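Coordinates from start.cif are shown below (mmCIF, C-alpha atoms and all ligand atoms).
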data_protein
#
loop_
_atom_site.label_atom_id
_atom_site.label_comp_id
_atom_site.auth_asym_id
_atom_site.auth_seq_id
_atom_site.Cartn_x
_atom_site.Cartn_y
_atom_site.Cartn_z
CA MET A 19 20.78 15.94 -8.57
CA GLY A 20 21.00 19.12 -10.57
CA GLY A 21 20.85 21.23 -7.44
CA GLY A 22 23.85 23.45 -8.17
CA GLN A 23 22.92 25.40 -11.28
CA THR A 24 21.03 23.09 -13.65
CA LEU A 25 17.67 23.26 -11.86
CA PHE A 26 17.97 27.06 -11.65
CA ALA A 27 18.58 27.40 -15.40
CA GLN A 28 15.94 29.05 -17.55
CA GLY A 29 16.08 25.95 -19.75
CA ILE A 30 16.90 27.80 -22.95
CA LEU A 31 18.92 25.84 -25.49
CA HIS A 32 20.71 28.94 -26.67
CA SER A 33 21.24 29.41 -30.37
CA GLY A 34 24.06 31.77 -29.40
CA ALA A 35 22.16 34.71 -30.94
CA LYS A 36 22.13 36.63 -27.66
CA TYR A 37 25.93 36.43 -27.68
CA GLY A 38 25.92 37.87 -31.17
CA LEU A 39 24.33 41.07 -29.92
CA GLY A 40 27.71 42.71 -30.35
CA ALA A 41 26.71 42.03 -34.00
CA ALA A 42 29.22 39.21 -34.46
CA PRO A 43 27.95 35.92 -35.91
CA PRO A 44 26.75 33.56 -33.13
CA PRO A 45 29.62 31.43 -31.71
CA PRO A 46 29.71 28.10 -33.68
CA ALA A 47 29.89 25.94 -30.52
CA TYR A 48 26.23 26.76 -29.83
CA ARG A 49 25.03 25.51 -33.23
CA ARG A 50 27.03 22.27 -32.88
CA ALA A 51 25.56 21.74 -29.42
CA LEU A 52 21.99 22.41 -30.67
CA ALA A 53 22.41 19.68 -33.32
CA LEU A 54 23.46 17.20 -30.60
CA TRP A 55 20.47 18.19 -28.44
CA GLU A 56 18.10 17.65 -31.37
CA GLU A 57 19.59 14.18 -31.89
CA ALA A 58 19.17 13.34 -28.18
CA LEU A 59 15.65 14.81 -27.98
CA SER A 60 14.60 12.67 -30.94
CA GLY A 61 15.72 9.59 -29.00
CA GLN A 62 19.07 8.99 -30.67
CA GLY A 63 22.71 9.46 -29.81
CA LEU A 64 24.67 8.61 -26.67
CA VAL A 65 22.02 9.81 -24.22
CA PRO A 66 18.46 9.54 -25.60
CA LEU A 67 16.17 12.16 -24.05
CA ASP A 68 12.98 11.69 -26.05
CA ASP A 69 10.77 11.82 -22.96
CA VAL A 70 11.95 15.31 -21.95
CA PRO A 71 9.31 17.93 -22.88
CA VAL A 72 10.62 20.66 -25.19
CA ALA A 73 8.89 23.98 -25.89
CA ARG A 74 9.37 25.20 -29.43
CA GLY A 75 7.10 28.25 -29.39
CA ALA A 76 8.47 31.65 -30.31
CA ARG A 77 11.13 33.29 -28.24
CA TRP A 78 10.71 37.00 -28.90
CA MET A 79 13.59 39.41 -29.30
CA TRP A 80 12.22 42.77 -28.23
CA PRO A 81 14.30 45.86 -29.07
CA VAL A 82 13.50 48.74 -26.74
CA ASP A 83 15.55 51.46 -28.40
CA GLN A 84 17.04 52.43 -31.73
CA ALA A 85 20.39 50.74 -30.98
CA GLY A 86 18.59 47.50 -30.14
CA ARG A 87 16.62 47.64 -33.39
CA ALA A 88 19.80 48.23 -35.40
CA ARG A 89 21.56 45.32 -33.70
CA LEU A 90 18.74 42.88 -34.37
CA GLN A 91 18.48 44.00 -37.98
CA GLN A 92 22.21 43.39 -38.44
CA LEU A 93 22.17 40.08 -36.58
CA ALA A 94 19.19 38.78 -38.60
CA GLN A 95 21.34 39.06 -41.73
CA LEU A 96 23.94 36.74 -40.14
CA ASP A 97 21.66 34.35 -38.30
CA PRO A 98 19.05 32.19 -40.07
CA LEU A 99 17.39 31.36 -36.72
CA LEU A 100 16.41 35.01 -36.23
CA SER A 101 13.60 36.48 -38.32
CA ARG A 102 11.43 39.59 -38.29
CA ALA A 103 8.05 38.90 -36.64
CA GLU A 104 4.89 39.79 -38.54
CA ARG A 105 2.01 41.62 -36.86
CA PRO A 106 -0.33 40.92 -35.15
CA TYR A 107 1.90 40.34 -32.12
CA PRO A 108 0.53 38.47 -29.07
CA PRO A 109 -1.72 40.77 -26.98
CA ALA A 110 0.87 41.19 -24.19
CA LEU A 111 3.40 42.48 -26.74
CA ARG A 112 1.12 44.78 -28.70
CA ARG A 113 3.07 47.87 -27.56
CA ALA A 114 6.34 46.44 -28.91
CA GLU A 115 7.95 47.77 -32.07
CA GLY A 116 10.12 45.75 -34.44
CA LEU A 117 9.90 42.33 -32.76
CA TYR A 118 11.98 39.42 -34.00
CA ARG A 119 11.40 35.70 -33.48
CA LEU A 120 14.25 33.47 -32.45
CA ALA A 121 13.99 29.72 -33.10
CA GLU A 122 15.42 28.54 -29.78
CA PRO A 123 13.91 25.53 -28.00
CA SER A 124 13.52 25.37 -24.20
CA LEU A 125 13.73 22.33 -21.95
CA ASP A 126 11.86 21.42 -18.82
CA VAL A 127 14.96 21.21 -16.61
CA GLY A 128 13.17 19.25 -13.86
CA ALA A 129 12.16 16.57 -16.39
CA LEU A 130 15.69 16.54 -17.82
CA ILE A 131 17.20 15.77 -14.41
CA ARG A 132 14.54 13.11 -13.69
CA THR A 133 15.24 11.45 -17.03
CA LEU A 134 18.98 11.49 -16.50
CA ALA A 135 18.47 10.09 -13.00
CA HIS A 136 16.08 7.29 -13.92
CA ARG A 137 16.96 6.38 -17.45
CA ALA A 138 20.31 7.47 -18.78
CA VAL A 139 22.31 6.82 -15.65
CA PRO A 140 20.34 4.29 -13.64
CA ARG A 141 23.38 3.17 -11.66
CA LEU A 142 24.21 6.31 -9.82
CA VAL A 143 25.32 6.53 -6.20
CA HIS A 144 25.34 9.62 -4.05
CA LEU A 145 28.67 9.88 -2.25
CA ASP A 146 30.86 12.90 -1.71
CA PRO A 147 34.44 12.32 -2.89
CA LEU A 148 35.51 14.94 -0.34
CA ASP A 149 34.52 12.43 2.37
CA ALA A 150 36.85 9.78 0.86
CA ALA A 151 40.58 9.17 1.21
CA TRP A 152 42.22 9.78 -2.16
CA GLN A 153 45.21 7.89 -3.52
CA LEU A 154 46.26 9.29 -6.87
CA GLY A 155 48.55 7.00 -8.86
CA GLU A 156 50.37 6.91 -12.17
CA GLY A 157 48.63 7.67 -15.47
CA GLY A 158 45.46 9.06 -13.88
CA ARG A 159 44.69 5.95 -11.82
CA CYS A 160 43.05 6.67 -8.53
CA ARG A 161 41.58 4.94 -5.51
CA LEU A 162 38.86 6.56 -3.42
CA THR A 163 38.03 4.91 -0.10
CA TRP A 164 35.00 5.76 2.02
CA ARG A 165 34.58 4.49 5.58
CA ALA A 166 30.82 4.83 5.84
CA PRO A 167 29.40 3.29 3.80
CA ALA A 168 32.48 1.08 3.41
CA LEU A 169 33.38 1.35 -0.26
CA ARG A 170 36.48 1.44 -2.42
CA VAL A 171 36.50 2.67 -6.00
CA ASP A 172 39.51 1.92 -8.19
CA ALA A 173 39.30 4.02 -11.34
CA ARG A 174 41.53 4.35 -14.38
CA ARG A 175 40.42 7.97 -14.71
CA LEU A 176 38.60 10.29 -12.39
CA ILE A 177 36.18 12.76 -14.02
CA LEU A 178 35.17 15.82 -12.00
CA CYS A 179 32.02 17.63 -13.16
CA GLY A 180 30.86 19.20 -9.91
CA GLY A 181 30.08 22.75 -11.04
CA ALA A 182 31.09 25.11 -8.21
CA GLY A 183 32.14 21.95 -6.32
CA ASN A 184 35.00 21.52 -8.81
CA ALA A 185 36.91 24.16 -6.83
CA ALA A 186 37.20 22.01 -3.69
CA LEU A 187 37.58 18.77 -5.68
CA SER A 188 40.41 20.24 -7.78
CA GLU A 189 42.27 21.25 -4.64
CA ARG A 190 42.95 17.53 -4.12
CA LEU A 191 44.91 17.47 -7.39
CA THR A 192 48.47 18.76 -7.64
CA GLY A 193 48.06 22.15 -9.31
CA GLY A 194 44.44 21.41 -10.25
CA PRO A 195 42.56 23.89 -12.49
CA ARG A 196 40.66 26.77 -10.92
CA THR A 197 36.93 27.53 -10.98
CA GLN A 198 35.36 30.99 -11.30
CA ARG A 199 31.91 31.96 -10.06
CA ARG A 200 29.77 34.65 -11.65
CA PRO A 201 26.82 35.51 -9.42
CA LEU A 202 23.24 36.19 -10.47
CA HIS A 203 20.26 37.63 -8.58
CA MET A 204 17.23 36.12 -10.32
CA VAL A 205 13.62 37.21 -9.74
CA MET A 206 10.48 35.02 -9.74
CA LEU A 207 6.90 36.23 -9.68
CA ARG A 208 3.74 34.17 -9.53
CA ALA A 209 0.32 35.38 -10.61
CA SER A 210 -2.61 33.89 -12.47
CA SER A 211 -2.72 37.01 -14.70
CA LEU A 212 0.67 36.32 -16.31
CA PRO A 213 0.68 35.49 -20.02
CA ALA A 214 2.94 32.64 -21.20
CA LEU A 215 5.88 34.49 -22.74
CA SER A 216 9.49 33.86 -23.47
CA LEU A 217 11.65 36.76 -24.54
CA HIS A 218 14.96 38.58 -24.55
CA VAL A 219 14.75 42.39 -24.23
CA VAL A 220 17.49 44.04 -26.25
CA ASP A 221 18.97 47.57 -26.05
CA ALA A 222 22.39 49.06 -26.77
CA GLY A 223 24.19 46.66 -24.37
CA ASP A 224 26.05 43.47 -25.33
CA GLY A 225 23.62 41.09 -23.62
CA PRO A 226 19.83 41.16 -23.11
CA VAL A 227 18.58 43.69 -20.53
CA LEU A 228 16.13 41.03 -19.43
CA THR A 229 15.51 37.39 -20.27
CA LEU A 230 12.02 36.30 -19.26
CA THR A 231 10.79 32.69 -19.27
CA THR A 232 7.45 31.27 -18.12
CA HIS A 233 7.08 28.10 -16.04
CA LEU A 234 4.31 26.36 -14.10
CA ASP A 235 4.43 25.87 -10.36
CA GLY A 236 3.15 22.74 -8.58
CA ASP A 237 -0.46 24.09 -8.66
CA GLY A 238 -0.39 24.93 -12.36
CA GLU A 239 -0.02 28.68 -11.72
CA ARG A 240 2.25 30.64 -14.08
CA VAL A 241 5.63 31.81 -12.85
CA TRP A 242 7.76 34.39 -14.62
CA TYR A 243 11.47 33.80 -14.09
CA LEU A 244 13.59 36.86 -14.80
CA GLY A 245 17.30 36.80 -15.66
CA GLY A 246 19.68 38.43 -18.13
CA GLY A 247 21.04 41.91 -17.34
CA LEU A 248 18.54 42.37 -14.49
CA ALA A 249 20.07 39.38 -12.65
CA GLU A 250 23.68 40.29 -13.49
CA ARG A 251 23.42 43.94 -12.50
CA GLY A 252 21.19 43.15 -9.51
CA VAL A 253 23.84 41.23 -7.57
CA ALA A 254 24.69 44.21 -5.37
CA ARG A 255 21.00 44.99 -4.68
CA SER A 256 19.08 43.74 -1.65
CA PRO A 257 16.15 41.42 -2.47
CA ALA A 258 13.72 44.32 -1.89
CA ALA A 259 15.68 46.64 -4.20
CA GLN A 260 15.95 43.89 -6.83
CA ILE A 261 12.18 43.32 -6.73
CA ALA A 262 11.61 47.09 -7.02
CA GLU A 263 13.87 47.17 -10.09
CA ALA A 264 12.06 44.19 -11.64
CA ARG A 265 8.70 45.91 -11.02
CA ARG A 266 9.99 49.07 -12.67
CA LEU A 267 11.25 47.16 -15.72
CA LEU A 268 8.05 45.12 -16.13
CA GLY A 269 5.92 48.23 -15.55
CA ALA A 270 7.68 49.96 -18.44
CA LEU A 271 7.38 46.92 -20.75
CA PHE A 272 3.84 45.84 -19.81
CA PRO A 273 2.03 48.94 -18.50
CA ASP A 274 -1.39 47.26 -18.86
CA LEU A 275 -0.48 44.17 -16.87
CA ASP A 276 -1.98 44.04 -13.38
CA LEU A 277 0.72 42.73 -11.07
CA GLY A 278 -1.11 43.77 -7.90
CA GLY A 279 -1.60 40.24 -6.61
CA ALA A 280 1.76 38.85 -7.77
CA ARG A 281 3.99 37.04 -5.26
CA TRP A 282 7.63 37.99 -5.70
CA GLU A 283 10.88 36.39 -4.60
CA THR A 284 14.52 36.56 -5.55
CA LEU A 285 17.16 33.86 -5.81
CA ARG A 286 20.89 34.20 -5.64
CA VAL A 287 22.78 31.57 -7.60
CA ASP A 288 26.30 31.50 -9.04
CA ARG A 289 27.38 30.38 -12.46
CA ALA A 290 30.48 28.14 -12.09
CA GLU A 291 32.97 27.94 -14.94
CA ARG A 292 36.64 27.39 -15.61
CA TRP A 293 38.63 30.34 -14.28
CA GLN A 294 39.32 33.06 -16.88
CA ALA A 295 41.95 35.79 -16.52
CA ASP A 296 39.38 38.44 -17.48
CA GLY A 297 36.62 36.90 -15.34
CA ARG A 298 34.24 36.72 -18.31
CA ARG A 299 32.19 33.84 -19.69
CA PRO A 300 34.39 31.18 -21.38
CA ALA A 301 33.80 30.83 -25.14
CA GLY A 302 32.77 27.16 -24.96
CA PRO A 303 32.71 24.16 -22.64
CA ASP A 304 36.00 23.44 -20.88
CA LEU A 305 37.60 20.08 -20.21
CA VAL A 306 41.04 20.07 -18.60
CA ALA A 307 42.97 16.81 -19.06
CA HIS A 308 44.91 17.15 -15.81
CA PRO A 309 47.31 14.20 -15.25
CA GLN A 310 45.32 13.16 -12.16
CA ALA A 311 41.74 13.75 -13.41
CA LEU A 312 39.59 15.13 -16.20
CA VAL A 313 37.94 18.29 -14.91
CA GLY A 314 34.96 19.72 -16.83
CA TRP A 315 32.58 22.68 -16.81
CA PRO A 316 29.91 22.91 -19.56
CA THR A 317 29.75 26.76 -19.22
CA LYS A 318 26.08 26.60 -20.37
CA LEU A 319 23.43 23.90 -20.10
CA THR A 320 23.25 24.20 -23.87
CA LEU A 321 26.89 23.16 -24.24
CA THR A 322 26.73 20.01 -22.05
CA PRO A 323 26.56 17.60 -25.06
CA LEU A 324 29.82 19.08 -26.35
CA LEU A 325 31.45 18.57 -22.95
CA GLY A 326 30.13 14.97 -22.93
CA LYS A 327 31.66 14.38 -26.34
CA GLN A 328 34.98 15.84 -25.20
CA VAL A 329 35.02 13.45 -22.22
CA VAL A 330 34.28 10.42 -24.42
CA GLU A 331 36.99 11.47 -26.89
CA ALA A 332 39.55 12.14 -24.12
CA LEU A 333 38.92 8.67 -22.70
CA ALA A 334 39.13 7.04 -26.13
CA ALA A 335 42.43 8.85 -26.82
CA GLU A 336 43.79 7.22 -23.66
CA GLY A 337 42.48 3.81 -24.83
CA LEU A 338 39.80 3.79 -22.12
CA ARG A 339 36.26 2.55 -22.54
CA PRO A 340 33.69 2.35 -19.77
CA SER A 341 33.61 -1.09 -18.17
CA ALA A 342 30.37 -3.07 -18.02
CA PRO A 343 27.91 -1.50 -15.57
CA LEU A 344 28.35 -2.65 -12.00
CA ALA A 345 26.09 -5.47 -10.89
CA ASP A 346 23.10 -4.35 -8.84
CA GLU A 347 24.41 -6.30 -5.84
CA ALA A 348 27.56 -4.17 -5.79
CA LEU A 349 25.41 -1.07 -5.36
CA ARG A 350 22.78 -2.46 -2.99
CA GLY A 351 22.38 -0.33 0.12
CA LEU A 352 24.34 2.63 -1.24
CA PRO A 353 22.58 6.01 -1.18
CA GLN A 354 20.91 7.13 -4.41
CA PRO A 355 20.82 10.82 -5.34
CA PRO A 356 17.27 12.16 -5.26
CA PRO A 357 16.45 14.33 -8.31
CA GLY A 358 15.88 17.91 -7.18
CA ALA A 359 13.08 20.26 -8.30
CA PRO A 360 13.37 23.66 -9.99
CA PRO A 361 12.63 26.67 -7.75
CA TRP A 362 9.27 27.48 -9.42
CA ARG A 363 7.95 24.01 -8.49
CA ARG A 364 8.52 24.71 -4.81
CA ALA A 365 5.93 26.46 -2.68
CA GLY A 366 5.98 30.22 -3.29
C1 LIG A 401 20.18 31.25 -12.94
C2 LIG A 401 20.84 30.51 -14.07
C3 LIG A 401 20.18 30.40 -15.28
C4 LIG A 401 20.78 29.71 -16.34
N1 LIG A 401 20.07 29.55 -17.52
C5 LIG A 401 20.63 28.86 -18.51
C6 LIG A 401 19.90 28.64 -19.72
O1 LIG A 401 18.74 29.05 -19.87
N2 LIG A 401 20.51 27.96 -20.72
C7 LIG A 401 21.79 27.48 -20.59
O2 LIG A 401 22.29 26.91 -21.55
N3 LIG A 401 22.48 27.61 -19.43
C8 LIG A 401 21.94 28.30 -18.40
N4 LIG A 401 22.64 28.45 -17.24
C9 LIG A 401 23.95 27.79 -17.08
C10 LIG A 401 23.75 26.31 -16.74
O3 LIG A 401 22.78 26.17 -15.74
C11 LIG A 401 25.06 25.68 -16.26
O4 LIG A 401 26.10 25.93 -17.16
C12 LIG A 401 24.94 24.16 -16.12
O5 LIG A 401 23.71 23.79 -15.52
C13 LIG A 401 26.10 23.63 -15.29
O6 LIG A 401 25.93 22.25 -15.10
P1 LIG A 401 26.93 21.45 -14.16
O7 LIG A 401 26.48 20.05 -14.17
O8 LIG A 401 28.35 21.77 -14.52
O9 LIG A 401 26.77 22.11 -12.72
P2 LIG A 401 25.62 21.99 -11.63
O10 LIG A 401 24.27 22.00 -12.23
O11 LIG A 401 25.96 23.06 -10.63
O12 LIG A 401 25.83 20.55 -11.02
C14 LIG A 401 26.94 20.22 -10.24
C15 LIG A 401 26.55 19.06 -9.37
O13 LIG A 401 27.71 18.58 -8.69
C16 LIG A 401 27.36 18.29 -7.38
N5 LIG A 401 28.57 18.36 -6.54
C17 LIG A 401 29.36 19.44 -6.33
N6 LIG A 401 30.37 19.11 -5.50
C18 LIG A 401 30.21 17.79 -5.19
C19 LIG A 401 30.93 16.88 -4.38
N7 LIG A 401 32.03 17.23 -3.69
N8 LIG A 401 30.47 15.60 -4.27
C20 LIG A 401 29.36 15.23 -4.95
N9 LIG A 401 28.64 16.05 -5.74
C21 LIG A 401 29.06 17.31 -5.85
C22 LIG A 401 26.33 19.35 -7.02
O14 LIG A 401 25.54 18.93 -5.92
C23 LIG A 401 25.52 19.43 -8.29
O15 LIG A 401 24.48 18.49 -8.31
C24 LIG A 401 22.06 29.13 -16.17
C25 LIG A 401 22.73 29.24 -14.94
C26 LIG A 401 22.13 29.91 -13.90
C27 LIG A 401 22.86 29.98 -12.58
#
Go through the file and emit its structure as structure tokens.
Amino acid sequence: MGGGQTLFAQGILHSGAKYGLGAAPPPPAYRRALALWEEALSGQGLVPLDDVPVARGARWMWPVDQAGRARLQQLAQLDPLLSRAERPYPPALRRAEGLYRLAEPSLDVGALIRTLAHRAVPRLVHLDPLDAAWQLGEGGRCRLTWRAPALRVDARRLILCGGAGNAALSERLTGGPRTQRRPLHMVMLRASSLPALSLHVVDAGDGPVLTLTTHLDGDGERVWYLGGGLAERGVARSPAAQIAEARRLLGALFPDLDLGGARWETLRVDRAERWQADGRRPAGPDLVAHPQALVGWPTKLTLTPLLGKQVVEALAAEGLRPSAPLADEALRGLPQPPPGAPPWRRAG
């Protein structure tokens, strides 16, 4: 579970501020989604998540040139979650000028998936619909039949939320919606010398040059996970060239940091979203009410509660409510999906 993109996410519940770097106000969908996360994380709402650890320490916005400083100054006027940081800065950032603090929480994505697996959706089975025979009927009704294990599911509405897998699943629908993939080349480095930091590095460009988050591996060692512009622009680079670029960038930002003993690796992973004519990131979550299925992409982890709400509302508009959970006997012997682990928890 979570193995497509979710476990590779940096876990940031985006305020949308980084998308306001073109100095537009942050897109409102992000603030609505944050409010739903806060409700869930406090144990309320449709899917209580109060046992998922949340980090609420500062996320730093670090301008590295005059254009970056001007952008942050402008954005801070529009965005109450962004404020000028007072000195003294943390030791690792003492060379920075004009830092801002962004009030953005981060989630432990591994714990999120475990909670969803064990608590919010305890009756989950792990079967690939592509292995089933599909009969699509009137008004969204469908029947999926698997041979092994022998199982038939008769549903009033099929909901497809398979990330990149939505492409193949949608092909089973007449004129189903298309999926786009936007690749990333992320970098991870492990070293005991790494300080615990979370930051976006901002220059003249529309998005952060670098987004850096800190995680713990299975032995409690710190792992820096590097995304943002480095991962977007690094897609064409070989792993060795991408590591060299990451070293160069970190060397310029943290010249005093000894990375001699660091262990480096890169990860290629695609973002999967609803297809856009211009190939760019969709503005919000997308749910397509296709006559034969609802097909959804959250676009960001942050926006998943909005997608969930859209699904519930689409079903209600069709007069559908979930039936009572299946009895345990009906599910006995069926495979359960094991929760996956984020890449920094795996051996480096
Ligand atoms: C490197 C990276 C970093 C990111 N960081 C952030 C971040 O910090 N904050 C943020 O808000 N967003 C972030 N995102 C975006 C976010 O991760 C995704 O928008 C979100 O996780 C997508 O969730 P999903 O459930 O749609 O897809 P996925 O997480 O890809 O899950 C799809 C699931 O469907 C399953 N599946 C697919 N096909 C089938 C099939 N035929 N049968 C059965 N199962 C199937 C897959 O196995 C998988 O478990 C990041 C994305 C990437 C790639």
Kindly indicate which residue among A:Arg165, A:Asp149, A:Leu312, A:Leu31 lies nearest to Ser188 of chain A, using all atoms listed in the file for the distances. A:Leu312
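With only C-alpha atoms and all ligand atoms as the atoms that count, the minimum distance from ligand LIG 401 (chain A) to the choices A:Leu54, A:Leu275, A:Ala311, A:Leu325 is reached by A:Leu325.
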Fewer than 6 positions away in the same chain doesn't count, so skip those; otherwise give me all residues within 9 Å of Ala51 of chain A, counting all atoms listed in the file, as a VMD selection string. chain A and resid 31 33 320 to 324
List the neighbours of Arg363 of chain A out to 12 Å using all atoms listed in the file; skip same-chain residues closer than 4 positions along the sequence, and give me the result as a short mmCIF file (atom, residue, chain, number, x, y, z; two decimals) with C-alpha atoms, in the coordinates of the input.
data_model
loop_
_atom_site.label_atom_id
_atom_site.label_comp_id
_atom_site.auth_asym_id
_atom_site.auth_seq_id
_atom_site.Cartn_x
_atom_site.Cartn_y
_atom_site.Cartn_z
CA LEU A 25 17.67 23.26 -11.86
CA PHE A 26 17.97 27.06 -11.65
CA ASP A 126 11.86 21.42 -18.82
CA VAL A 127 14.96 21.21 -16.61
CA GLY A 128 13.17 19.25 -13.86
CA ALA A 129 12.16 16.57 -16.39
CA MET A 206 10.48 35.02 -9.74
CA ARG A 208 3.74 34.17 -9.53
CA HIS A 233 7.08 28.10 -16.04
CA LEU A 234 4.31 26.36 -14.10
CA ASP A 235 4.43 25.87 -10.36
CA GLY A 236 3.15 22.74 -8.58
CA ASP A 237 -0.46 24.09 -8.66
CA GLY A 238 -0.39 24.93 -12.36
CA GLU A 239 -0.02 28.68 -11.72
CA ARG A 240 2.25 30.64 -14.08
CA VAL A 241 5.63 31.81 -12.85
CA TYR A 243 11.47 33.80 -14.09
CA GLY A 358 15.88 17.91 -7.18
CA ALA A 359 13.08 20.26 -8.30
#
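Across A:Val205, A:Ala186, A:Ala35, A:Leu338, the tightest approach to Ala121 of chain A is made by A:Ala35 when counting only C-alpha atoms.
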Tell me which protein, DNA and RNA residues are within 12 Å of Tyr107 of chain A, counting all atoms listed in the file, leaving out same-chain ones fewer than 3 positions away, and put them as a CSV table (one decimal) with C-alpha atoms, keeping the file's coordinate frame.
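In the end it all went to part28.csv:
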chain,number,residue,atom,x,y,z
A,76,ALA,CA,8.5,31.6,-30.3
A,78,TRP,CA,10.7,37.0,-28.9
A,80,TRP,CA,12.2,42.8,-28.2
A,102,ARG,CA,11.4,39.6,-38.3
A,103,ALA,CA,8.0,38.9,-36.6
A,104,GLU,CA,4.9,39.8,-38.5
A,110,ALA,CA,0.9,41.2,-24.2
A,111,LEU,CA,3.4,42.5,-26.7
A,112,ARG,CA,1.1,44.8,-28.7
A,113,ARG,CA,3.1,47.9,-27.6
A,114,ALA,CA,6.3,46.4,-28.9
A,115,GLU,CA,8.0,47.8,-32.1
A,116,GLY,CA,10.1,45.8,-34.4
A,117,LEU,CA,9.9,42.3,-32.8
A,118,TYR,CA,12.0,39.4,-34.0
A,119,ARG,CA,11.4,35.7,-33.5
A,215,LEU,CA,5.9,34.5,-22.7
May I have a table of the residues of segment 265-358 of chain A lying at most 12 Å from segment 250-254 of chain A, giving each one's closest pair of atoms and their distance in Å to one decimal, counting only C-alpha atoms, ordered by chain and ascending residue number, as a tab-separated table?
residue	atom	partner	partner_atom	distance
A:Thr284	CA	A:Gly252	CA	10.2
A:Leu285	CA	A:Val253	CA	10.1
A:Arg286	CA	A:Val253	CA	7.9
A:Val287	CA	A:Val253	CA	9.7
A:Asp288	CA	A:Val253	CA	10.1
A:Arg289	CA	A:Glu250	CA	10.6
Could you list, as a PyMOL selection string, all residues that come within 8 Å of ligand LIG 401 (chain A)? Count only C-alpha atoms and all ligand atoms. chain A and resi 19-32+124+144-148+179-184+186-187+201-204+245+286-291+314-322
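Each of A:Arg141, A:Arg175, A:Pro361, A:Ala342 was checked against Gly157 of chain A using only C-alpha atoms; the smallest atom-to-atom distance is that of A:Arg175.
The shortest atom-to-atom distance to Ile261 of chain A, with only C-alpha atoms taken into account, belongs to A:Leu244 out of A:His218, A:Leu244, A:Gly297, A:Ala307.
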Protein and nucleic acid residues near (14.3, 12.5, -15.8) (cut-off 12 Å, all atoms listed in the file) as an MDAnalysis selection string: chainID A and resid 19:20 25 65:71 125:140 356:359
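Closest approach to Pro309 of chain A among A:Leu248, A:Ala150, A:Val227, A:Ala332 is made by A:Ala332 (distances from only C-alpha atoms).
The two atoms in question, atom CA of Leu120 of chain A and atom CA of Ala209 of chain A, are spaced 26.0 Å apart.
Note that atom CA of His308 of chain A and atom CA of Pro355 of chain A are 27.0 Å apart.
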Quick one: everything within 8 Å of Trp293 of chain A, counting all atoms listed in the file, minus sequence neighbours fewer than 4 positions away in the same chain. Send it as an NGL selection string. :A and (195-198 or 297)
